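The structure file coords.cif is reproduced below (mmCIF, C-alpha atoms).
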```cif
data_data
loop_
_atom_site.label_atom_id
_atom_site.label_comp_id
_atom_site.auth_asym_id
_atom_site.auth_seq_id
_atom_site.Cartn_x
_atom_site.Cartn_y
_atom_site.Cartn_z
CA MET A 1 0.00 0.00 0.00
CA ARG A 2 2.86 2.30 0.93
CA VAL A 3 4.51 1.40 -2.36
CA VAL A 4 1.41 2.52 -4.20
CA ARG A 5 1.30 5.78 -2.23
CA VAL A 6 4.89 6.60 -3.15
CA VAL A 7 5.30 5.17 -6.61
CA VAL A 8 2.00 6.05 -8.26
CA PRO A 9 2.37 9.81 -7.66
CA LEU A 10 5.93 9.57 -8.94
CA ALA A 11 4.74 7.77 -12.04
CA LEU A 12 2.06 10.39 -12.58
CA MET A 13 4.69 13.12 -12.21
CA GLY A 14 6.74 11.37 -14.85
CA LEU A 15 3.76 11.21 -17.17
CA ALA A 16 3.00 14.87 -16.55
CA ALA A 17 6.57 15.75 -17.45
CA LEU A 18 6.03 14.16 -20.84
CA VAL A 19 3.05 16.34 -21.65
CA PRO A 20 3.81 20.03 -22.10
CA ALA A 21 1.29 22.51 -20.78
CA ALA A 22 1.09 24.08 -24.19
CA ALA A 23 1.15 21.54 -26.89
CA TRP A 24 1.10 22.94 -30.37
CA ALA A 25 3.74 22.70 -33.05
CA SER A 26 6.29 25.32 -33.94
CA MET A 27 6.12 24.97 -37.68
CA PHE A 28 2.60 23.73 -37.99
CA GLU A 29 -0.68 24.81 -36.56
CA PRO A 30 -2.41 22.35 -34.27
CA VAL A 31 -4.51 20.15 -36.48
CA SER A 32 -6.04 16.97 -35.14
CA ASP A 33 -5.58 13.58 -36.75
CA ARG A 34 -9.27 13.60 -37.55
CA THR A 35 -8.93 16.87 -39.44
CA LEU A 36 -5.86 15.62 -41.28
CA VAL A 37 -7.67 12.46 -42.30
CA CYS A 38 -10.76 14.34 -43.40
CA GLU A 39 -8.77 16.90 -45.37
CA SER A 40 -6.88 14.17 -47.21
CA THR A 41 -8.25 12.94 -50.50
CA ALA A 42 -6.95 9.42 -49.94
CA ILE A 43 -5.04 7.22 -47.52
CA ILE A 44 -3.07 4.34 -48.89
CA GLN A 45 -0.60 1.69 -47.86
CA GLY A 46 1.98 0.88 -50.47
CA GLU A 47 5.56 0.45 -51.59
CA VAL A 48 7.78 3.14 -53.03
CA ILE A 49 8.74 1.87 -56.48
CA GLN A 50 10.68 4.75 -57.99
CA VAL A 51 12.23 7.99 -56.74
CA ASP A 52 13.55 10.78 -58.99
CA SER A 53 14.86 14.17 -57.93
CA ALA A 54 15.57 17.19 -60.11
CA TRP A 55 15.97 20.96 -59.98
CA GLU A 56 12.79 22.55 -61.34
CA GLY A 57 10.25 25.30 -60.81
CA SER A 58 10.60 28.99 -60.09
CA PRO A 59 12.15 29.79 -57.72
CA GLU A 60 14.10 26.67 -58.55
CA ALA A 61 14.29 23.88 -56.01
CA ILE A 62 15.09 20.21 -55.86
CA TRP A 63 11.78 18.38 -56.11
CA THR A 64 11.38 14.65 -55.67
CA ARG A 65 8.76 12.57 -57.42
CA ALA A 66 8.01 9.18 -55.89
CA VAL A 67 5.95 6.47 -57.53
CA ILE A 68 4.01 4.39 -55.03
CA ARG A 69 2.28 1.10 -55.73
CA VAL A 70 -1.00 0.98 -53.84
CA ASP A 71 -1.28 -2.22 -51.84
CA ARG A 72 -4.19 -1.23 -49.66
CA ALA A 73 -6.63 1.67 -49.85
CA MET A 74 -7.93 2.99 -46.54
CA ARG A 75 -9.71 6.05 -47.91
CA GLY A 76 -10.34 7.62 -51.28
CA PRO A 77 -10.53 6.56 -54.90
CA TYR A 78 -7.41 4.42 -55.35
CA GLN A 79 -7.42 0.65 -55.73
CA PRO A 80 -4.77 -1.96 -54.90
CA GLY A 81 -2.45 -2.42 -57.84
CA GLN A 82 -2.69 1.20 -58.96
CA TYR A 83 0.38 3.42 -59.11
CA ILE A 84 0.35 7.02 -57.97
CA GLU A 85 3.02 9.71 -58.10
CA VAL A 86 3.56 12.16 -55.25
CA LYS A 87 5.83 15.19 -55.36
CA GLU A 88 7.71 16.75 -52.45
CA ILE A 89 10.32 19.47 -52.01
CA GLY A 90 13.81 18.21 -51.23
CA GLY A 91 16.10 15.50 -52.48
CA THR A 92 19.57 14.89 -53.83
CA VAL A 93 20.88 15.80 -57.26
CA GLY A 94 24.49 14.85 -57.85
CA GLU A 95 26.30 15.53 -54.62
CA TYR A 96 23.97 18.31 -53.51
CA THR A 97 21.14 17.62 -51.09
CA LEU A 98 18.27 19.93 -50.29
CA VAL A 99 16.41 19.11 -47.11
CA ALA A 100 12.97 20.50 -46.45
CA HIS A 101 12.79 20.21 -42.72
CA GLN A 102 10.07 17.79 -41.56
CA PHE A 103 8.80 17.18 -45.06
CA PRO A 104 8.49 13.52 -46.08
CA THR A 105 11.30 11.82 -47.98
CA PHE A 106 11.21 8.55 -49.90
CA GLU A 107 13.42 5.55 -50.55
CA VAL A 108 12.84 2.88 -53.15
CA GLY A 109 11.56 -0.28 -51.53
CA GLU A 110 10.22 1.30 -48.36
CA GLU A 111 6.69 0.50 -47.31
CA ILE A 112 4.55 3.40 -46.18
CA VAL A 113 1.10 4.41 -45.12
CA THR A 114 0.39 7.92 -46.30
CA MET A 115 -2.33 10.49 -46.49
CA ILE A 116 -2.63 12.05 -49.93
CA GLY A 117 -3.48 15.64 -50.83
CA THR A 118 -2.81 18.01 -53.70
CA TRP A 119 -0.46 20.97 -54.03
CA ASP A 120 -2.24 24.31 -53.95
CA ASP A 121 -0.50 25.62 -57.09
CA GLY A 122 -3.22 24.47 -59.45
CA SER A 123 -1.04 21.76 -60.98
CA GLY A 124 -3.04 18.90 -59.53
CA ASP A 125 0.19 17.24 -58.44
CA LEU A 126 -0.22 14.95 -55.46
CA ARG A 127 1.67 15.35 -52.19
CA VAL A 128 1.70 13.80 -48.78
CA HIS A 129 -1.02 15.54 -46.83
CA GLY A 130 0.04 16.84 -43.42
CA TYR A 131 3.79 16.87 -44.09
CA GLY A 132 5.70 14.49 -41.78
CA ARG A 133 2.60 13.87 -39.72
CA GLY A 134 0.75 12.42 -42.67
CA MET A 135 3.14 9.59 -43.45
CA PHE A 136 4.13 6.43 -41.59
CA GLY A 137 7.01 4.07 -42.29
CA VAL A 138 6.14 0.39 -42.01
CA THR A 139 8.55 -1.98 -40.29
CA ARG A 140 8.12 -5.72 -40.62
CA GLN A 141 10.08 -7.99 -38.29
CA HIS A 142 9.86 -11.73 -38.33
CA GLY A 143 7.77 -13.04 -35.46
CA ARG A 144 6.81 -9.59 -34.25
CA PRO A 145 3.85 -7.32 -34.95
CA THR A 146 4.24 -5.07 -37.97
CA LEU A 147 4.70 -1.48 -36.81
CA ALA A 148 4.05 1.87 -38.42
CA THR A 149 6.15 4.86 -37.28
CA ARG A 150 5.06 8.39 -37.88
CA TYR A 151 7.62 10.16 -40.01
CA ASP A 152 7.82 13.29 -37.85
CA VAL A 153 9.00 11.41 -34.77
CA LEU A 154 12.02 9.92 -36.49
CA GLU A 155 14.06 13.06 -35.84
CA SER A 156 12.84 14.34 -32.49
CA ARG A 157 11.98 10.86 -31.17
CA ARG A 158 8.82 12.23 -29.60
CA PRO A 159 5.44 13.29 -30.89
CA VAL A 160 5.40 16.71 -32.47
CA MET A 161 1.69 17.11 -31.99
CA HIS A 162 0.44 16.08 -28.59
CA ILE A 163 -3.11 16.28 -29.81
CA ASP A 164 -2.46 13.25 -31.99
CA ARG A 165 -5.01 10.52 -31.52
CA ILE A 166 -2.82 8.04 -33.35
CA PRO A 167 0.35 7.11 -31.39
CA PRO A 168 3.71 7.85 -33.04
CA VAL A 169 4.47 4.14 -33.22
CA VAL A 170 1.47 1.91 -33.76
CA GLY A 171 0.65 -1.56 -35.00
CA LEU A 172 -0.18 -1.54 -38.70
CA ASP A 173 -3.57 -3.14 -38.12
CA ASP A 174 -4.38 -0.63 -35.39
CA LEU A 175 -3.35 2.21 -37.69
CA GLU A 176 -5.65 1.02 -40.44
CA ARG A 177 -8.48 0.66 -37.94
CA GLU A 178 -7.91 4.23 -36.70
CA MET A 179 -7.68 5.63 -40.23
CA ARG A 180 -10.90 3.95 -41.26
CA ALA A 181 -12.68 5.01 -38.07
CA LEU A 182 -11.60 8.64 -38.46
CA SER A 183 -12.47 8.60 -42.14
CA ALA A 184 -15.94 7.29 -41.39
CA ARG A 185 -16.57 10.35 -39.24
CA CYS A 186 -15.77 12.83 -42.02
CA GLY A 187 -18.58 14.62 -43.76
CA GLY A 188 -18.09 15.61 -47.37
CA ARG A 189 -14.58 15.97 -48.71
CA GLY A 190 -12.47 17.90 -46.21
CA VAL A 191 -15.34 18.37 -43.81
CA VAL A 192 -15.04 17.45 -40.16
CA ARG A 193 -18.35 16.86 -38.50
CA MET B 1 10.00 -9.36 -2.10
CA SER B 2 7.37 -8.86 -4.77
CA ARG B 3 6.57 -5.46 -3.28
CA LEU B 4 10.24 -4.46 -3.44
CA ARG B 5 10.48 -5.69 -7.01
CA ALA B 6 7.40 -3.73 -7.99
CA LYS B 7 8.84 -0.65 -6.37
CA LEU B 8 12.13 -1.06 -8.21
CA ILE B 9 10.44 -1.61 -11.56
CA LEU B 10 8.14 1.35 -11.17
CA THR B 11 11.01 3.56 -10.01
CA LEU B 12 12.97 2.54 -13.08
CA VAL B 13 9.99 3.32 -15.30
CA VAL B 14 9.70 6.76 -13.72
CA ILE B 15 13.43 7.42 -14.15
CA ILE B 16 13.30 6.37 -17.78
CA MET B 17 10.27 8.55 -18.38
CA MET B 18 11.85 11.53 -16.66
CA THR B 19 15.05 11.02 -18.62
CA GLY B 20 13.06 10.96 -21.83
CA ALA B 21 11.34 14.16 -20.86
CA THR B 22 14.62 15.98 -20.36
CA SER B 23 16.57 14.56 -23.31
CA ALA B 24 18.69 17.23 -24.90
CA TYR B 25 19.20 18.93 -28.22
CA VAL B 26 19.25 16.98 -31.46
CA LEU B 27 21.49 17.75 -34.41
CA LEU B 28 20.11 17.41 -37.88
CA SER B 29 21.08 14.15 -39.54
CA PRO B 30 23.60 13.96 -41.07
CA ALA B 31 25.23 16.52 -38.77
CA ARG B 32 25.88 19.71 -40.68
CA HIS B 33 26.89 23.28 -39.97
CA TRP B 34 28.24 26.37 -41.65
CA GLN B 35 31.95 26.63 -42.37
CA GLU B 36 32.43 30.09 -40.91
CA PRO B 37 31.70 31.02 -37.27
CA SER B 38 29.12 33.59 -38.34
CA VAL B 39 26.03 33.59 -40.53
CA ASN B 40 24.55 36.66 -42.18
CA PHE B 41 20.83 36.27 -42.71
CA ARG B 42 18.96 38.47 -45.18
CA ILE B 43 15.35 39.20 -44.40
CA ARG B 44 13.60 39.64 -47.70
CA ALA B 45 9.90 40.12 -46.99
CA GLY B 46 7.40 40.58 -44.20
CA HIS B 47 3.86 39.25 -43.97
CA VAL B 48 0.62 41.15 -44.40
CA SER B 49 -0.90 39.58 -41.29
CA ILE B 50 1.65 41.47 -39.17
CA THR B 51 0.45 45.02 -38.57
CA ASP B 52 3.58 46.60 -37.13
CA SER B 53 5.61 49.15 -39.09
CA ASP B 54 7.16 46.81 -41.67
CA GLN B 55 5.16 43.60 -41.50
CA GLY B 56 7.43 42.01 -38.96
CA MET B 57 10.82 42.34 -40.63
CA THR B 58 12.38 44.60 -37.99
CA ALA B 59 10.92 42.54 -35.15
CA VAL B 60 12.36 39.32 -36.56
CA ARG B 61 15.70 40.98 -37.32
CA ASN B 62 15.98 42.27 -33.77
CA ALA B 63 15.09 38.87 -32.31
CA LEU B 64 17.72 37.18 -34.46
CA ASN B 65 20.39 39.75 -33.60
CA SER B 66 19.64 39.94 -29.89
CA ASN B 67 22.69 39.43 -27.72
CA SER B 68 20.55 38.87 -24.64
CA ILE B 69 17.97 36.29 -25.73
CA GLY B 70 18.75 35.20 -29.32
CA TRP B 71 21.38 32.81 -30.69
CA ASN B 72 24.13 35.36 -30.02
CA SER B 73 23.43 35.05 -26.29
CA CYS B 74 25.04 31.60 -26.37
CA SER B 75 28.38 33.46 -26.30
CA ASN B 76 30.28 30.63 -27.91
CA GLY B 77 32.12 32.68 -30.49
CA PHE B 78 29.49 32.04 -33.13
CA THR B 79 27.51 35.06 -34.28
CA VAL B 80 24.27 35.60 -36.12
CA ASN B 81 23.72 38.83 -38.00
CA ALA B 82 20.44 39.55 -39.74
CA THR B 83 19.81 42.49 -42.04
CA ILE B 84 16.73 43.58 -43.94
CA ASN B 85 17.16 43.62 -47.71
CA THR B 86 13.91 43.65 -49.62
CA SER B 87 15.69 43.49 -52.97
CA GLN B 88 17.42 40.24 -52.02
CA SER B 89 16.20 37.39 -54.19
CA TRP B 90 14.96 34.26 -52.45
CA SER B 91 16.87 31.50 -54.14
CA LEU B 92 17.68 28.00 -52.97
CA GLY B 93 21.30 26.99 -53.39
CA ASP B 94 22.67 30.50 -53.92
CA GLY B 95 24.69 30.50 -50.70
CA ILE B 96 22.78 33.43 -49.21
CA PRO B 97 20.64 32.44 -46.21
CA THR B 98 17.44 34.31 -46.90
CA ILE B 99 14.37 34.64 -44.75
CA SER B 100 10.92 35.44 -46.01
CA LEU B 101 7.94 35.74 -43.73
CA ARG B 102 5.69 35.08 -46.70
CA ARG B 103 5.38 32.39 -49.34
CA GLN B 104 8.15 32.00 -51.89
CA ILE B 105 8.24 28.51 -53.32
CA GLY B 106 4.87 27.42 -52.01
CA GLY B 107 6.05 24.57 -49.82
CA CYS B 108 4.41 25.98 -46.71
CA GLY B 109 0.66 25.73 -47.02
CA GLY B 110 -2.21 24.34 -44.99
CA SER B 111 -1.20 24.02 -41.37
CA CYS B 112 2.45 24.95 -42.00
CA LEU B 113 3.67 28.11 -40.23
CA ALA B 114 7.19 28.21 -41.67
CA ALA B 115 9.40 25.92 -43.71
CA THR B 116 13.19 25.72 -43.67
CA TYR B 117 15.19 24.39 -46.61
CA THR B 118 18.85 23.53 -46.10
CA GLY B 119 21.38 22.64 -48.78
CA TYR B 120 24.64 20.80 -48.39
CA TYR B 121 27.06 18.68 -50.36
CA THR B 122 27.71 15.05 -49.64
CA CYS B 123 29.95 14.77 -46.59
CA GLY B 124 33.57 13.83 -47.13
CA GLY B 125 35.54 14.34 -50.30
CA GLY B 126 36.69 17.73 -49.14
CA PHE B 127 33.22 18.91 -48.16
CA ASP B 128 33.35 18.03 -44.48
CA GLY B 129 36.13 20.28 -43.25
CA GLY B 130 37.75 17.36 -41.47
CA ASP B 131 35.28 16.98 -38.60
CA GLY B 132 32.92 14.55 -40.30
CA HIS B 133 30.09 17.06 -40.41
CA CYS B 134 28.60 18.24 -43.66
CA ARG B 135 28.94 21.90 -44.53
CA ILE B 136 25.73 23.86 -45.00
CA THR B 137 26.04 25.92 -48.13
CA ASP B 138 22.64 27.57 -48.08
CA SER B 139 19.51 27.68 -45.98
CA ASP B 140 16.35 29.63 -46.65
CA VAL B 141 13.02 30.01 -44.89
CA GLU B 142 9.58 30.83 -46.19
CA GLY B 143 6.29 31.49 -44.48
CA ARG B 144 2.76 31.28 -45.73
CA THR B 145 0.93 32.91 -48.56
CA ASN B 146 0.70 36.64 -47.91
CA VAL B 147 -2.88 36.76 -46.69
CA THR B 148 -4.50 36.85 -43.27
CA THR B 149 -6.39 34.01 -41.72
CA GLY B 150 -9.10 34.05 -39.05
CA GLY B 151 -8.33 36.47 -36.23
CA GLY B 152 -5.85 38.38 -38.38
CA GLY B 153 -3.19 35.69 -38.21
CA PRO B 154 -1.29 33.56 -38.71
CA TYR B 155 1.49 35.84 -37.43
CA TYR B 156 1.84 38.70 -34.99
CA THR B 157 4.80 40.42 -33.36
CA THR B 158 5.33 41.76 -29.87
CA ALA B 159 5.14 45.27 -31.32
CA GLU B 160 1.55 44.62 -32.38
CA GLY B 161 0.65 44.39 -28.74
CA SER B 162 -2.16 41.88 -29.03
CA CYS B 163 -2.58 38.29 -30.10
CA THR B 164 -5.68 36.37 -31.04
CA ALA B 165 -5.55 33.08 -29.17
CA GLY B 166 -5.82 30.05 -31.37
CA SER B 167 -5.11 31.78 -34.64
CA GLU B 168 -1.97 33.90 -34.21
CA TYR B 169 1.62 32.80 -33.63
CA HIS B 170 4.55 34.88 -32.45
CA ALA B 171 6.70 35.67 -35.50
CA GLU B 172 9.89 36.34 -33.53
CA SER B 173 9.61 32.95 -31.85
CA ILE B 174 8.89 31.10 -35.09
CA TRP B 175 11.82 32.63 -36.95
CA VAL B 176 14.33 32.27 -34.11
CA HIS B 177 13.32 28.60 -34.04
CA GLU B 178 13.69 28.32 -37.82
CA ALA B 179 17.11 30.00 -37.61
CA GLY B 180 18.11 27.16 -35.30
CA HIS B 181 17.30 24.75 -38.12
CA GLN B 182 19.20 26.95 -40.54
CA LEU B 183 22.23 26.70 -38.27
CA GLY B 184 22.03 22.90 -38.04
CA LEU B 185 19.85 22.06 -35.07
CA GLY B 186 16.96 19.63 -35.10
CA HIS B 187 14.14 19.47 -32.59
CA SER B 188 15.07 19.22 -28.94
CA GLY B 189 13.41 17.01 -26.38
CA THR B 190 13.80 19.68 -23.72
CA SER B 191 10.54 21.44 -22.97
CA GLY B 192 11.20 25.18 -22.87
CA ALA B 193 14.02 25.09 -25.40
CA THR B 194 13.69 27.20 -28.53
CA MET B 195 14.17 24.04 -30.58
CA TYR B 196 11.39 22.17 -28.78
CA PRO B 197 8.94 21.11 -31.50
CA SER B 198 5.88 22.57 -29.85
CA VAL B 199 4.69 26.08 -29.10
CA SER B 200 1.22 27.35 -28.43
CA SER B 201 -0.54 30.20 -30.11
CA CYS B 202 0.48 33.57 -28.52
CA ASN B 203 3.46 31.98 -26.76
CA THR B 204 6.52 34.22 -27.03
CA SER B 205 8.99 32.05 -25.14
CA LEU B 206 10.75 30.43 -28.10
CA GLN B 207 12.46 33.68 -29.03
CA SER B 208 14.65 33.21 -25.93
CA VAL B 209 17.19 30.44 -26.42
CA ALA B 210 17.74 28.06 -23.52
CA SER B 211 20.93 26.45 -22.26
CA ASP B 212 19.98 23.28 -24.12
CA ASP B 213 19.86 25.23 -27.39
CA CYS B 214 23.29 26.72 -26.67
CA ASN B 215 24.64 23.26 -25.86
CA GLY B 216 23.59 22.18 -29.33
CA MET B 217 25.23 25.22 -30.88
CA ASN B 218 28.42 24.56 -28.93
CA ARG B 219 28.45 21.01 -30.23
CA LEU B 220 28.19 22.27 -33.80
CA TYR B 221 30.49 25.27 -33.69
CA ASN B 222 33.06 24.70 -30.93
#
```

Here is the file; what I need is its structure written in the form of structure tokens.
Amino acid sequence: MRVVRVVVPLALMGLAALVPAAAWASMFEPVSDRTLVCESTAIIQGEVIQVDSAWEGSPEAIWTRAVIRVDRAMRGPYQPGQYIEVKEIGGTVGEYTLVAHQFPTFEVGEEIVTMIGTWDDGSGDLRVHGYGRGMFGVTRQHGRPTLATRYDVLESRRPVMHIDRIPPVVGLDDLEREMRALSARCGGRGVVR
Amino acid sequence: MSRLRAKLILTLVVIIMMTGATSAYVLLSPARHWQEPSVNFRIRAGHVSITDSDQGMTAVRNALNSNSIGWNSCSNGFTVNATINTSQSWSLGDGIPTISLRRQIGGCGGSCLAATYTGYYTCGGGFDGGDGHCRITDSDVEGRTNVTTGGGGPYYTTAEGSCTAGSEYHAESIWVHEAGHQLGLGHSGTSGATMYPSVSSCNTSLQSVASDDCNGMNRLYN
């Protein structure tokens, strides 16, 4: 009983220390997972098949185009077996690398779960919706549950948004369940109800 | 015995959790910094949502140059100097670290408040200066499209004197934080540090660098 009296408050203090009093992001406004999901046009699980980077645009920047094979569709119009191309700022051309801080990056062969949106430049080009918060890397280990890790925690090793409903590291099945549940609560496209 | 074991396990859990909560600065990966012990930022454009005298440019410049609260307060021999130059082009890879409080390339939309782009050459092969770190050759920052959002935001400065909770964010704090990225720092696990990844609307504290931030700078530049 004494142990409980001493240790439980300590444990609660430890938990409290993990949660900042003010919990919004420095680069991004606080947007809930539900809003992110509802704003996205699609959510897919798939494998990155091809990655190409080049200087383009005005002002010029290194842009990366990644082709993703859709293996599972959790929201939106895409079907398994389809290929989609997403475009993000950053990448390597020759020996020069441009990093867009906390934007998603891609490697051929990696498995991801990602929210999809469109760039607001009128081009119709697809992008990861929600920057690093909108993409998860999938890790498969023999004999262990398959995990999905939110891209934005890879650097800071802690959640950037403490309003996240989805944990930064989550079982793939649980992630799909959450995505589908959040998606089911969206109104029309981009509407949170 | 079982009670003692439980106490030990729970104490360990608490220690691990507390350690995690106070983990220190993080360098960008791969580690990279500027060659010279000073960086001269050019502030190119303000933002229409900021209603002070020059749409926030002077406020951000002063925050970046501050010897008492900004990066120069680390007193590690490394200096930051920001100047306003509205004719400066915003160009990635040109070697001139340029700051714009408004949209330039269009990478920062939706919920994004500011985006930092850093360029460097592959480490080694004469590019690493001998310490194994990459050399940053350019780093530029852009904000959002030059329009206001609900409540007059997304940005305000201390000089404005008022902030609309939930829709306005302190420009000086945002751009001091972004300058940390431009200098080579990632997000810190230390709550209260400028490089901590979270700040609330109307919170001005990130403009003041903490000892953890300076520790990261010392690691990069000393």

Item to check | Test item: chain B residues at most 6 Å from chain A, counting only C-alpha atoms, as an MDAnalysis selection string | outcome: chainID B and resid 14 17:18 21 111:114 116:122 187 197:200

Resulting file, chosen residues, C-alpha atoms, as a short mmCIF file (atom, residue, chain, number, x, y, z; two decimals), keeping the file's coordinate frame:
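Wrote it out as selection_27.cif, contents follow:
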```cif
data_model
loop_
_atom_site.label_atom_id
_atom_site.label_comp_id
_atom_site.auth_asym_id
_atom_site.auth_seq_id
_atom_site.Cartn_x
_atom_site.Cartn_y
_atom_site.Cartn_z
CA VAL B 14 9.70 6.76 -13.72
CA MET B 17 10.27 8.55 -18.38
CA MET B 18 11.85 11.53 -16.66
CA ALA B 21 11.34 14.16 -20.86
CA SER B 111 -1.20 24.02 -41.37
CA CYS B 112 2.45 24.95 -42.00
CA LEU B 113 3.67 28.11 -40.23
CA ALA B 114 7.19 28.21 -41.67
CA THR B 116 13.19 25.72 -43.67
CA TYR B 117 15.19 24.39 -46.61
CA THR B 118 18.85 23.53 -46.10
CA GLY B 119 21.38 22.64 -48.78
CA TYR B 120 24.64 20.80 -48.39
CA TYR B 121 27.06 18.68 -50.36
CA THR B 122 27.71 15.05 -49.64
CA HIS B 187 14.14 19.47 -32.59
CA PRO B 197 8.94 21.11 -31.50
CA SER B 198 5.88 22.57 -29.85
CA VAL B 199 4.69 26.08 -29.10
CA SER B 200 1.22 27.35 -28.43
#
```

Checklist entry - Can you list what the PyMOL selection byres ((chain A and resi 180-183) around 9) grabs from this structure, as a ChimeraX atom specification? => result /A:33-35,37-38,74-75,175-179,184-187

Item to check | All residues 7 Å or closer to Thr114 (chain A), only C-alpha atoms, same chain fewer than 4 positions away omitted, as a PyMOL selection string | outcome: chain A and resi 43-45+128+134-136

Item to check | Output check: residues returned by the PyMOL selection byres ((chain B and resi 62) around 12), as a PyMOL selection string | outcome: chain B and resi 41+43+56-61+63-72+80-84+157-159+171-173+175-176+207

Next on the checklist: Taking (-1.8, 31.7, -34.3) as a centre in this file's frame and 9 Å as the limit, can you find every polymer residue with an atom that close, using all atoms listed in the file, and give them as JSON, numbers by chain?
Outcome noted: {"A": [29], "B": [113, 151, 152, 153, 154, 155, 156, 163, 164, 165, 166, 167, 168, 169, 170, 200, 201, 202]}

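On the file presented, the PyMOL selection byres ((chain A and resi 42) around 6) picks out Ser40, Thr41, Ile43, Arg75, Gly76, Met115 and Ile116 of chain A.
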
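One distance worth recording is that between CA of Phe78 (chain B) and CA of His33 (chain B), which is 11.4 Å.
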
Item to check | For Leu185 (chain B): contacts at 8 Å, all atoms listed in the file, fewer than 4 positions along chain excluded, given as a PyMOL selection string | outcome: chain B and resi 25-28+180-181+195+216-217

Next on the checklist: Just the number, please: distance in Å from CA of Arg44 (chain B) to CA of Ser87 (chain B), one decimal.
Outcome noted: 6.9 Å

Write out as a PDB file with C-alpha atoms, keeping the file's coordinate frame the residues lying within 7 Å of region 85-87 of chain A, counting only C-alpha atoms and excluding same-chain residues fewer than 5 positions away.
```
ATOM      1  CA  TRP A  63      11.780  18.380 -56.110  1.00  0.00           C
ATOM      2  CA  THR A  64      11.380  14.650 -55.670  1.00  0.00           C
ATOM      3  CA  ARG A  65       8.760  12.570 -57.420  1.00  0.00           C
ATOM      4  CA  ALA A  66       8.010   9.180 -55.890  1.00  0.00           C
ATOM      5  CA  VAL A  67       5.950   6.470 -57.530  1.00  0.00           C
ATOM      6  CA  ILE A  68       4.010   4.390 -55.030  1.00  0.00           C
ATOM      7  CA  ASP A 125       0.190  17.240 -58.440  1.00  0.00           C
ATOM      8  CA  LEU A 126      -0.220  14.950 -55.460  1.00  0.00           C
ATOM      9  CA  ARG A 127       1.670  15.350 -52.190  1.00  0.00           C
ATOM     10  CA  VAL A 128       1.700  13.800 -48.780  1.00  0.00           C
TER      11      VAL A 128
END
```

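One finds CA of Asp52 (chain A) at 21.5 Å from CA of Ser91 (chain B).
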
Item to check | For Gln35 (chain B): contacts at 8 Å, all atoms listed in the file, fewer than 2 positions along chain excluded, given as a PyMOL selection string | outcome: chain B and resi 33+37+129+135-136

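Omitting Arg140 (chain A) and its sequence neighbours fewer than 2 positions away, and counting all atoms listed in the file, the residues within 12 Å are Glu110, Glu111, Ile112, Gly137, Val138, His142, Gly143, Arg144, Pro145, Thr146, Leu147, Ala148, Thr149, Gly171 and Leu172 of chain A.
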
Next on the checklist: Which residue is closest to Thr204 (chain B)? Choose from B:Gly186, B:Gly77, B:Gly161, B:Gly143 and count only C-alpha atoms.
Outcome noted: B:Gly161

Checklist entry - Out of B:Arg144, B:Arg32, B:His47, B:Arg103, which residue has the shortest atom-to-atom distance to Gln182 (chain B) when counting all atoms listed in the file? => result B:Arg32
